[in-house]
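Coordinates as given in input_23.txt (compact mmCIF, C-alpha atoms):
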```
# COMPACT_ATOMS: atom_id res chain seq x y z
CA MET A 1 -32.85 -142.25 114.60
CA LEU A 2 -30.66 -142.02 111.54
CA ARG A 3 -33.34 -140.09 109.66
CA ILE A 4 -33.79 -137.69 112.56
CA ARG A 5 -30.06 -137.06 112.68
CA GLU A 6 -29.95 -136.46 108.92
CA GLN A 7 -32.79 -133.94 109.22
CA GLN A 8 -31.07 -132.26 112.15
CA MET A 9 -27.83 -132.00 110.22
CA LYS A 10 -29.60 -130.50 107.20
CA ALA A 11 -31.36 -127.99 109.45
CA PHE A 12 -28.05 -127.12 111.13
CA ALA A 13 -26.34 -126.62 107.77
CA SER A 14 -29.20 -124.47 106.51
CA ASP A 15 -29.13 -122.35 109.64
CA ALA A 16 -25.35 -121.95 109.44
CA LEU A 17 -25.62 -120.87 105.79
CA ALA A 18 -28.32 -118.34 106.64
CA ARG A 19 -26.13 -116.85 109.40
CA PHE A 20 -23.15 -116.70 107.03
CA GLU A 21 -25.27 -114.98 104.37
CA ALA A 22 -26.40 -112.41 106.94
CA GLN A 23 -22.77 -111.77 107.89
CA LEU A 24 -21.90 -111.27 104.23
CA VAL A 25 -24.77 -108.82 103.82
CA ASP A 26 -23.21 -106.76 106.63
CA HIS A 27 -19.78 -107.18 105.05
CA ALA A 28 -21.06 -105.95 101.67
CA LEU A 29 -22.46 -102.84 103.36
CA THR A 30 -18.92 -102.16 104.56
CA PHE A 31 -16.99 -103.31 101.49
CA SER A 32 -19.15 -101.46 98.94
CA PRO A 33 -21.41 -99.29 101.10
CA ARG A 34 -23.07 -97.05 98.51
CA HIS A 35 -23.75 -99.84 96.03
CA ALA A 36 -24.90 -102.37 98.61
CA ALA A 37 -27.16 -99.88 100.40
CA SER A 38 -28.77 -98.80 97.12
CA LEU A 39 -30.09 -102.33 96.61
CA GLY A 40 -32.00 -102.51 99.86
CA ARG A 41 -31.35 -105.25 102.38
CA ASP A 42 -33.80 -107.80 100.92
CA GLN A 43 -32.42 -107.51 97.39
CA LEU A 44 -28.88 -107.51 98.75
CA GLN A 45 -29.58 -110.75 100.65
CA ARG A 46 -30.92 -112.36 97.48
CA CYS A 47 -27.82 -111.24 95.60
CA ILE A 48 -25.53 -112.67 98.28
CA HIS A 49 -27.39 -115.99 98.19
CA ALA A 50 -26.95 -116.18 94.41
CA MET A 51 -23.27 -115.21 94.68
CA LEU A 52 -22.56 -118.03 97.13
CA SER A 53 -24.34 -120.52 94.90
CA ARG A 54 -22.24 -119.37 91.95
CA ALA A 55 -19.07 -119.56 94.05
CA ARG A 56 -19.85 -123.15 95.05
CA SER A 57 -20.33 -124.09 91.40
CA HIS A 58 -16.72 -123.00 90.88
CA GLY A 59 -15.40 -124.94 93.84
CA PHE A 60 -15.34 -122.11 96.39
CA ALA A 61 -17.24 -123.17 99.52
CA LEU A 62 -15.02 -122.19 102.47
CA ARG A 63 -15.80 -118.95 104.28
CA GLY A 64 -12.75 -116.99 103.15
CA PRO A 65 -12.95 -117.89 99.45
CA SER A 66 -16.73 -117.36 99.52
CA GLN A 67 -16.29 -113.87 100.94
CA LEU A 68 -13.67 -113.16 98.29
CA TRP A 69 -16.16 -114.20 95.59
CA VAL A 70 -18.70 -111.73 96.98
CA GLU A 71 -16.12 -108.94 96.97
CA LEU A 72 -15.06 -109.69 93.39
CA THR A 73 -18.69 -109.73 92.30
CA PHE A 74 -19.14 -106.21 93.63
CA MET A 75 -15.93 -105.17 91.90
CA PHE A 76 -16.49 -106.78 88.50
CA GLY A 77 -20.15 -107.84 88.25
CA THR A 78 -22.07 -111.06 88.83
CA ALA A 79 -20.80 -112.67 85.62
CA PHE A 80 -17.14 -111.86 86.23
CA ASP A 81 -16.36 -115.58 85.95
CA MET A 82 -17.33 -115.51 82.24
CA ASP A 83 -16.32 -111.96 81.36
CA PRO A 84 -13.92 -111.84 78.38
CA GLN A 85 -12.57 -108.59 79.80
CA LEU A 86 -11.25 -110.52 82.81
CA GLY A 87 -9.10 -113.13 81.15
CA ALA A 88 -6.44 -112.43 83.77
CA LEU A 89 -8.66 -114.18 86.33
CA ALA A 90 -9.81 -117.11 84.19
CA ASP A 91 -7.22 -119.66 85.32
CA PHE A 92 -8.10 -119.15 88.98
CA VAL A 93 -11.88 -119.10 88.55
CA ARG A 94 -12.05 -122.38 86.66
CA PRO A 95 -12.97 -125.25 89.05
CA VAL A 96 -10.42 -128.03 89.54
CA PRO A 97 -11.91 -131.57 89.81
CA GLY A 98 -10.80 -133.49 92.87
CA SER A 99 -9.39 -130.46 94.71
CA ASN A 100 -9.31 -130.34 98.50
CA GLU A 101 -9.59 -127.46 100.98
CA ALA A 102 -5.90 -126.61 100.68
CA ASP A 103 -6.29 -126.41 96.89
CA GLU A 104 -9.35 -124.18 97.28
CA LEU A 105 -7.47 -121.80 99.58
CA ARG A 106 -4.52 -121.70 97.20
CA ARG A 107 -6.80 -120.90 94.27
CA ALA A 108 -8.50 -118.17 96.29
CA ILE A 109 -5.16 -116.58 97.19
CA ASN A 110 -4.05 -116.64 93.56
CA LEU A 111 -7.41 -115.27 92.43
CA ARG A 112 -7.23 -112.42 94.91
CA GLU A 113 -3.68 -111.52 93.87
CA ALA A 114 -4.62 -111.56 90.18
CA ALA A 115 -7.72 -109.43 90.83
CA VAL A 116 -5.85 -106.86 92.92
CA SER A 117 -3.08 -106.64 90.33
CA PHE A 118 -5.58 -106.16 87.50
CA ALA A 119 -7.64 -103.61 89.44
CA ASN A 120 -4.56 -101.58 90.37
CA ARG A 121 -3.34 -101.63 86.78
CA ILE A 122 -6.55 -100.25 85.34
CA ALA A 123 -7.59 -97.96 88.22
CA GLY A 124 -4.20 -96.74 89.42
CA HIS A 125 -3.02 -97.28 92.98
CA ALA A 126 -4.83 -94.12 94.11
CA GLY A 127 -7.75 -94.55 91.72
CA GLU A 128 -6.54 -91.74 89.48
CA ARG A 129 -7.04 -93.67 86.23
CA GLU A 130 -10.54 -94.71 87.22
CA HIS A 131 -11.49 -91.13 88.14
CA ALA A 132 -10.19 -89.91 84.78
CA ALA A 133 -12.22 -92.62 83.02
CA VAL A 134 -15.37 -91.61 84.90
CA LYS A 135 -14.81 -88.00 83.84
CA ARG A 136 -14.50 -89.00 80.18
CA PHE A 137 -17.52 -91.30 80.47
CA ARG A 138 -19.60 -88.46 81.88
CA GLY A 139 -18.59 -86.26 78.96
CA LEU A 140 -20.05 -88.60 76.34
CA SER A 141 -23.46 -88.12 74.78
CA LEU A 142 -25.59 -90.59 72.85
CA LYS A 143 -24.58 -88.74 69.70
CA ASP A 144 -20.95 -89.77 70.33
CA GLY A 145 -22.04 -93.40 70.24
CA ALA A 146 -23.70 -93.25 66.83
CA VAL A 147 -20.92 -95.15 65.06
CA GLU A 148 -21.14 -98.11 62.72
CA SER A 149 -18.15 -100.45 62.93
CA ASN A 150 -17.01 -102.65 65.79
CA GLN A 151 -13.60 -101.00 65.65
CA GLU A 152 -15.14 -97.56 66.11
CA ILE A 153 -16.95 -98.79 69.21
CA ILE A 154 -13.73 -100.27 70.58
CA GLU A 155 -11.93 -96.99 69.89
CA LEU A 156 -14.58 -95.20 71.94
CA LEU A 157 -14.04 -97.67 74.81
CA LYS A 158 -10.33 -96.99 74.52
CA TYR A 159 -10.99 -93.25 74.71
CA VAL A 160 -12.96 -93.72 77.94
CA HIS A 161 -10.44 -95.99 79.66
CA PRO A 162 -7.25 -96.54 77.64
CA GLU A 163 -5.48 -98.36 80.48
CA LYS A 164 -8.22 -100.98 80.65
CA VAL A 165 -8.17 -101.65 76.92
CA GLU A 166 -4.37 -101.87 77.03
CA ALA A 167 -4.48 -104.32 79.95
CA VAL A 168 -7.16 -106.52 78.38
CA GLY A 169 -6.13 -106.29 74.73
CA THR A 170 -8.50 -105.50 71.88
CA VAL A 171 -9.49 -109.06 70.93
CA PRO A 172 -11.83 -109.69 73.92
CA PHE A 173 -13.70 -106.50 73.11
CA GLN A 174 -14.77 -107.96 69.79
CA GLN A 175 -16.83 -110.43 71.85
CA VAL A 176 -18.14 -107.60 74.03
CA VAL A 177 -19.26 -105.57 71.02
CA SER A 178 -20.81 -108.61 69.35
CA GLU A 179 -22.84 -109.33 72.49
CA ALA A 180 -23.76 -105.64 72.74
CA ARG A 181 -25.20 -105.76 69.23
CA SER A 182 -27.23 -108.86 70.13
CA GLN A 183 -28.55 -107.19 73.27
CA ALA A 184 -29.47 -104.05 71.35
CA GLN A 185 -31.61 -106.18 69.05
CA ALA A 186 -33.15 -108.06 71.96
CA TYR A 187 -34.14 -104.77 73.63
CA ARG A 188 -35.43 -103.35 70.32
CA LEU A 189 -32.99 -100.47 70.42
CA ASN A 190 -33.36 -99.42 66.82
CA ASP A 191 -31.10 -96.44 67.35
CA PRO A 192 -27.60 -95.89 65.89
CA ALA A 193 -26.22 -95.39 69.39
CA GLY A 194 -27.76 -98.61 70.81
CA PRO A 195 -24.86 -101.08 70.40
CA THR A 196 -22.31 -98.52 71.58
CA ALA A 197 -24.38 -97.62 74.63
CA ILE A 198 -24.67 -101.27 75.66
CA ALA A 199 -20.97 -101.91 74.99
CA LEU A 200 -20.19 -98.99 77.32
CA LEU A 201 -22.44 -100.47 79.99
CA MET A 202 -20.65 -103.83 79.71
CA PHE A 203 -17.30 -102.06 79.74
CA THR A 204 -18.22 -100.20 82.92
CA PHE A 205 -20.46 -102.60 84.86
CA GLY A 206 -19.38 -106.02 83.56
CA TYR A 207 -20.15 -108.34 80.67
CA GLY A 208 -23.33 -109.67 82.29
CA CYS A 209 -24.72 -106.32 83.39
CA MET A 210 -27.83 -106.54 81.22
CA ASP A 211 -29.44 -109.02 83.64
CA ASP A 212 -27.24 -108.49 86.69
CA PRO A 213 -29.28 -108.19 89.93
CA LEU A 214 -26.60 -105.83 91.21
CA PHE A 215 -27.67 -103.36 88.51
CA PRO A 216 -31.45 -103.88 88.19
CA TRP A 217 -31.95 -100.36 86.82
CA ILE A 218 -30.26 -101.31 83.52
CA ALA A 219 -32.82 -103.91 82.43
CA GLU A 220 -35.66 -101.87 83.95
CA SER A 221 -34.77 -98.74 81.96
CA LEU A 222 -33.95 -100.42 78.66
CA GLY A 223 -36.94 -102.74 78.93
CA ASP A 224 -39.53 -100.00 79.44
CA LEU A 225 -41.20 -100.28 76.03
CA ARG A 226 -43.57 -97.44 76.83
CA LEU A 227 -40.62 -95.26 75.78
CA ASP A 228 -38.97 -95.15 72.39
CA ALA A 229 -35.40 -96.39 71.93
CA ARG A 230 -33.72 -92.99 72.27
CA ALA A 231 -35.63 -92.15 75.45
CA ARG A 232 -34.73 -95.53 77.01
CA LEU A 233 -31.07 -95.07 76.11
CA GLU A 234 -31.03 -91.56 77.55
CA LEU A 235 -32.76 -92.70 80.74
CA THR A 236 -30.23 -95.51 81.17
CA ARG A 237 -27.34 -93.15 80.43
CA ARG A 238 -28.50 -90.75 83.16
CA LYS A 239 -28.82 -93.58 85.68
CA ALA A 240 -25.38 -94.91 84.74
CA LEU A 241 -23.85 -91.45 85.18
CA ARG A 242 -25.53 -91.08 88.55
CA PHE A 243 -24.24 -94.49 89.64
CA VAL A 244 -20.61 -93.93 88.65
CA SER A 245 -20.67 -90.43 90.13
CA VAL A 246 -21.89 -91.70 93.49
CA GLU A 247 -19.50 -94.67 93.49
CA SER A 248 -16.54 -92.40 92.70
CA GLY A 249 -17.45 -90.09 95.56
CA GLY A 250 -19.38 -87.47 93.61
CA GLU A 251 -23.01 -86.48 93.80
```

For the structure just supplied, provide its representation as structure tokens.
Amino acid sequence: MLRIREQQMKAFASDALARFEAQLVDHALTFSPRHAASLGRDQLQRCIHAMLSRARSHGFALRGPSQLWVELTFMFGTAFDMDPQLGALADFVRPVPGSNEADELRRAINLREAAVSFANRIAGHAGEREHAAVKRFRGLSLKDGAVESNQEIIELLKYVHPEKVEAVGTVPFQQVVSEARSQAQAYRLNDPAGPTAIALLMFTFGYGCMDDPLFPWIAESLGDLRLDARARLELTRRKALRFVSVESGGE
């Protein structure tokens, strides 16, 4: 009898989780409609499942905090919990051993407040700073990214979104640029613009965007070795421009 009850409880928990994931899929289609819909429902469900697993690993298991984690993932990328650009959220993402449900809710409230404050600071309360950044981003060509030093890359990031660089500080972007250079080598982007292009992707779509299931087109485009490095960078640039244009309300 005990074994039957244990199996029943596991089945109940699994069914409840599946229903909650389905509800979050619907929520994502409301919270970030263009982005969520572009993934297709099956891919979106897989993303939600992975998001909830990541949330639990950080001590967020209740429904409200779990939903918040999903929302922040759409805002900042799947790896927002390890993004050096999001140091303002680090204290609230870090799991606390021995915490209870009240502690989890308190952390979630603090995390939400920190995220909203950071987002408003870099985007502007009406999104005016973000729209200006998108316009500058769209005006860049691969030629603009053919720079050599880390500082030159950071200066280009600052040109695109000065408010974000001011809010974050320049030191974390050294880590971003270093990782961008590593990724450029991994993707065989033997092009002067390669590290800058990847740094811009991380700047725009999050530190972990190179293998983020929310942005599958990045790895697909850069990993298509049938094309040379410049063609892959240009293809990815066009897809990035299309994405930010649609997300900002353009065509």

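Proximity to Asp224 in chain A was assessed for A:Arg188, A:Lys158, A:Arg242, A:Lys164 counting all atoms listed in the file; the smallest distance is recorded for A:Arg188.
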
_Among listed residues A:Leu89, A:Met51, A:Ala193, A:Ala61, nearest Val147 in chain A (using only C-alpha atoms)_ =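 Ranked by minimum distance to Val147 in chain A, first place goes to A:Ala193.
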
*What gap, in Å, lies between CA of Phe76 in chain A and CA of Gly206 in chain A?*
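Interatomic distance, CA of Phe76 in chain A to CA of Gly206 in chain A: 5.8 Å.
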
*Hey, can you check how far CA of Glu155 in chain A sits from CA of Leu86 in chain A?*
18.7 Å

*Could you check which of A:Leu72, A:Leu62, A:Ala88, A:Ala123 is closest to Leu105 in chain A, using only C-alpha atoms?*
A:Leu62

*One-decimal distance in Å that lies between CA of Ile153 in chain A and CA of Val244 in chain A*: 20.4 Å

_So that I can check the surroundings of Met82 in chain A, please list as a list in words every protein, DNA and RNA residue that reaches within 9 Å of it, counting all atoms listed in the file and ignoring chain neighbours fewer than 6 positions away._
Ala90, Tyr207 and Gly208 of chain A

Rows by chain and residue number, range 126-218 of chain A within 10 Å of range 39-42 of chain A, shortest pair, all atoms listed in the file, as a Markdown table:
```
| residue | atom | partner | partner_atom | distance |
| --- | --- | --- | --- | --- |
| A:Pro213 | CA | A:Leu39 | CA | 8.9 |
| A:Leu214 | CA | A:Leu39 | CA | 7.3 |
| A:Phe215 | CA | A:Leu39 | CA | 8.5 |
| A:Pro216 | CA | A:Leu39 | CA | 8.7 |
```

_For a quick check of your reading of the model, name the residues lying within 12 Å of the coordinate (-25.2, -105.2, 83.0), counting all atoms listed in the file, and write them as a PyMOL selection string._
chain A and resi 76-80+83+176+179-180+183+197-222+236+240

Output C-alpha atoms of each residue in that selection to a file, as a PDB file, keeping the file's coordinate frame.
```pdb
ATOM      1  CA  PHE A  76     -16.490-106.780  88.500  1.00  0.00           C
ATOM      2  CA  GLY A  77     -20.150-107.840  88.250  1.00  0.00           C
ATOM      3  CA  THR A  78     -22.070-111.060  88.830  1.00  0.00           C
ATOM      4  CA  ALA A  79     -20.800-112.670  85.620  1.00  0.00           C
ATOM      5  CA  PHE A  80     -17.140-111.860  86.230  1.00  0.00           C
ATOM      6  CA  ASP A  83     -16.320-111.960  81.360  1.00  0.00           C
ATOM      7  CA  VAL A 176     -18.140-107.600  74.030  1.00  0.00           C
ATOM      8  CA  GLU A 179     -22.840-109.330  72.490  1.00  0.00           C
ATOM      9  CA  ALA A 180     -23.760-105.640  72.740  1.00  0.00           C
ATOM     10  CA  GLN A 183     -28.550-107.190  73.270  1.00  0.00           C
ATOM     11  CA  ALA A 197     -24.380 -97.620  74.630  1.00  0.00           C
ATOM     12  CA  ILE A 198     -24.670-101.270  75.660  1.00  0.00           C
ATOM     13  CA  ALA A 199     -20.970-101.910  74.990  1.00  0.00           C
ATOM     14  CA  LEU A 200     -20.190 -98.990  77.320  1.00  0.00           C
ATOM     15  CA  LEU A 201     -22.440-100.470  79.990  1.00  0.00           C
ATOM     16  CA  MET A 202     -20.650-103.830  79.710  1.00  0.00           C
ATOM     17  CA  PHE A 203     -17.300-102.060  79.740  1.00  0.00           C
ATOM     18  CA  THR A 204     -18.220-100.200  82.920  1.00  0.00           C
ATOM     19  CA  PHE A 205     -20.460-102.600  84.860  1.00  0.00           C
ATOM     20  CA  GLY A 206     -19.380-106.020  83.560  1.00  0.00           C
ATOM     21  CA  TYR A 207     -20.150-108.340  80.670  1.00  0.00           C
ATOM     22  CA  GLY A 208     -23.330-109.670  82.290  1.00  0.00           C
ATOM     23  CA  CYS A 209     -24.720-106.320  83.390  1.00  0.00           C
ATOM     24  CA  MET A 210     -27.830-106.540  81.220  1.00  0.00           C
ATOM     25  CA  ASP A 211     -29.440-109.020  83.640  1.00  0.00           C
ATOM     26  CA  ASP A 212     -27.240-108.490  86.690  1.00  0.00           C
ATOM     27  CA  PRO A 213     -29.280-108.190  89.930  1.00  0.00           C
ATOM     28  CA  LEU A 214     -26.600-105.830  91.210  1.00  0.00           C
ATOM     29  CA  PHE A 215     -27.670-103.360  88.510  1.00  0.00           C
ATOM     30  CA  PRO A 216     -31.450-103.880  88.190  1.00  0.00           C
ATOM     31  CA  TRP A 217     -31.950-100.360  86.820  1.00  0.00           C
ATOM     32  CA  ILE A 218     -30.260-101.310  83.520  1.00  0.00           C
ATOM     33  CA  ALA A 219     -32.820-103.910  82.430  1.00  0.00           C
ATOM     34  CA  GLU A 220     -35.660-101.870  83.950  1.00  0.00           C
ATOM     35  CA  SER A 221     -34.770 -98.740  81.960  1.00  0.00           C
ATOM     36  CA  LEU A 222     -33.950-100.420  78.660  1.00  0.00           C
ATOM     37  CA  THR A 236     -30.230 -95.510  81.170  1.00  0.00           C
ATOM     38  CA  ALA A 240     -25.380 -94.910  84.740  1.00  0.00           C
TER      39      ALA A 240
END
```

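Proximity to His161 in chain A at 9 Å, evaluated using all atoms listed in the file and with sequence-adjacent residues fewer than 3 positions away removed, yields Ile122, Arg129, Glu130, Ala132, Ala133, Val134, Arg136, Phe137, Leu156, Leu157, Lys158, Lys164, Val165 and Glu166 of chain A.
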
*Might you pull out every residue within 9 Å of Phe60 in chain A, with only C-alpha atoms counted and same-chain residues fewer than 2 positions away left off, and present them as a ChimeraX atom specification?*
/A:52,54-58,62-66,69,95,104-105,107-108

*Using only C-alpha atoms, which residue out of A:Pro192, A:Ala102, A:Ala114, A:Gln85 lies closest to Phe173 in chain A?*
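Smallest distance to Phe173 in chain A is found for A:Gln85.
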
*Counting only C-alpha atoms, which of A:Asp26, A:Leu227, A:Leu233, A:Ala36 gets nearest to Ala184 in chain A?*
A:Leu233

*For Phe31 in chain A, please output as number ranges by chain all residues within 12 Å (counting only C-alpha atoms; exclusion window: fewer than 3 positions along the same chain).*
A: 24-28, 34-37, 67-68, 70-75

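Proximity of A:Ile48, A:Phe20, A:Ser38, A:Ala231 to Leu142 in chain A, computed with all atoms listed in the file, is greatest for A:Ala231.
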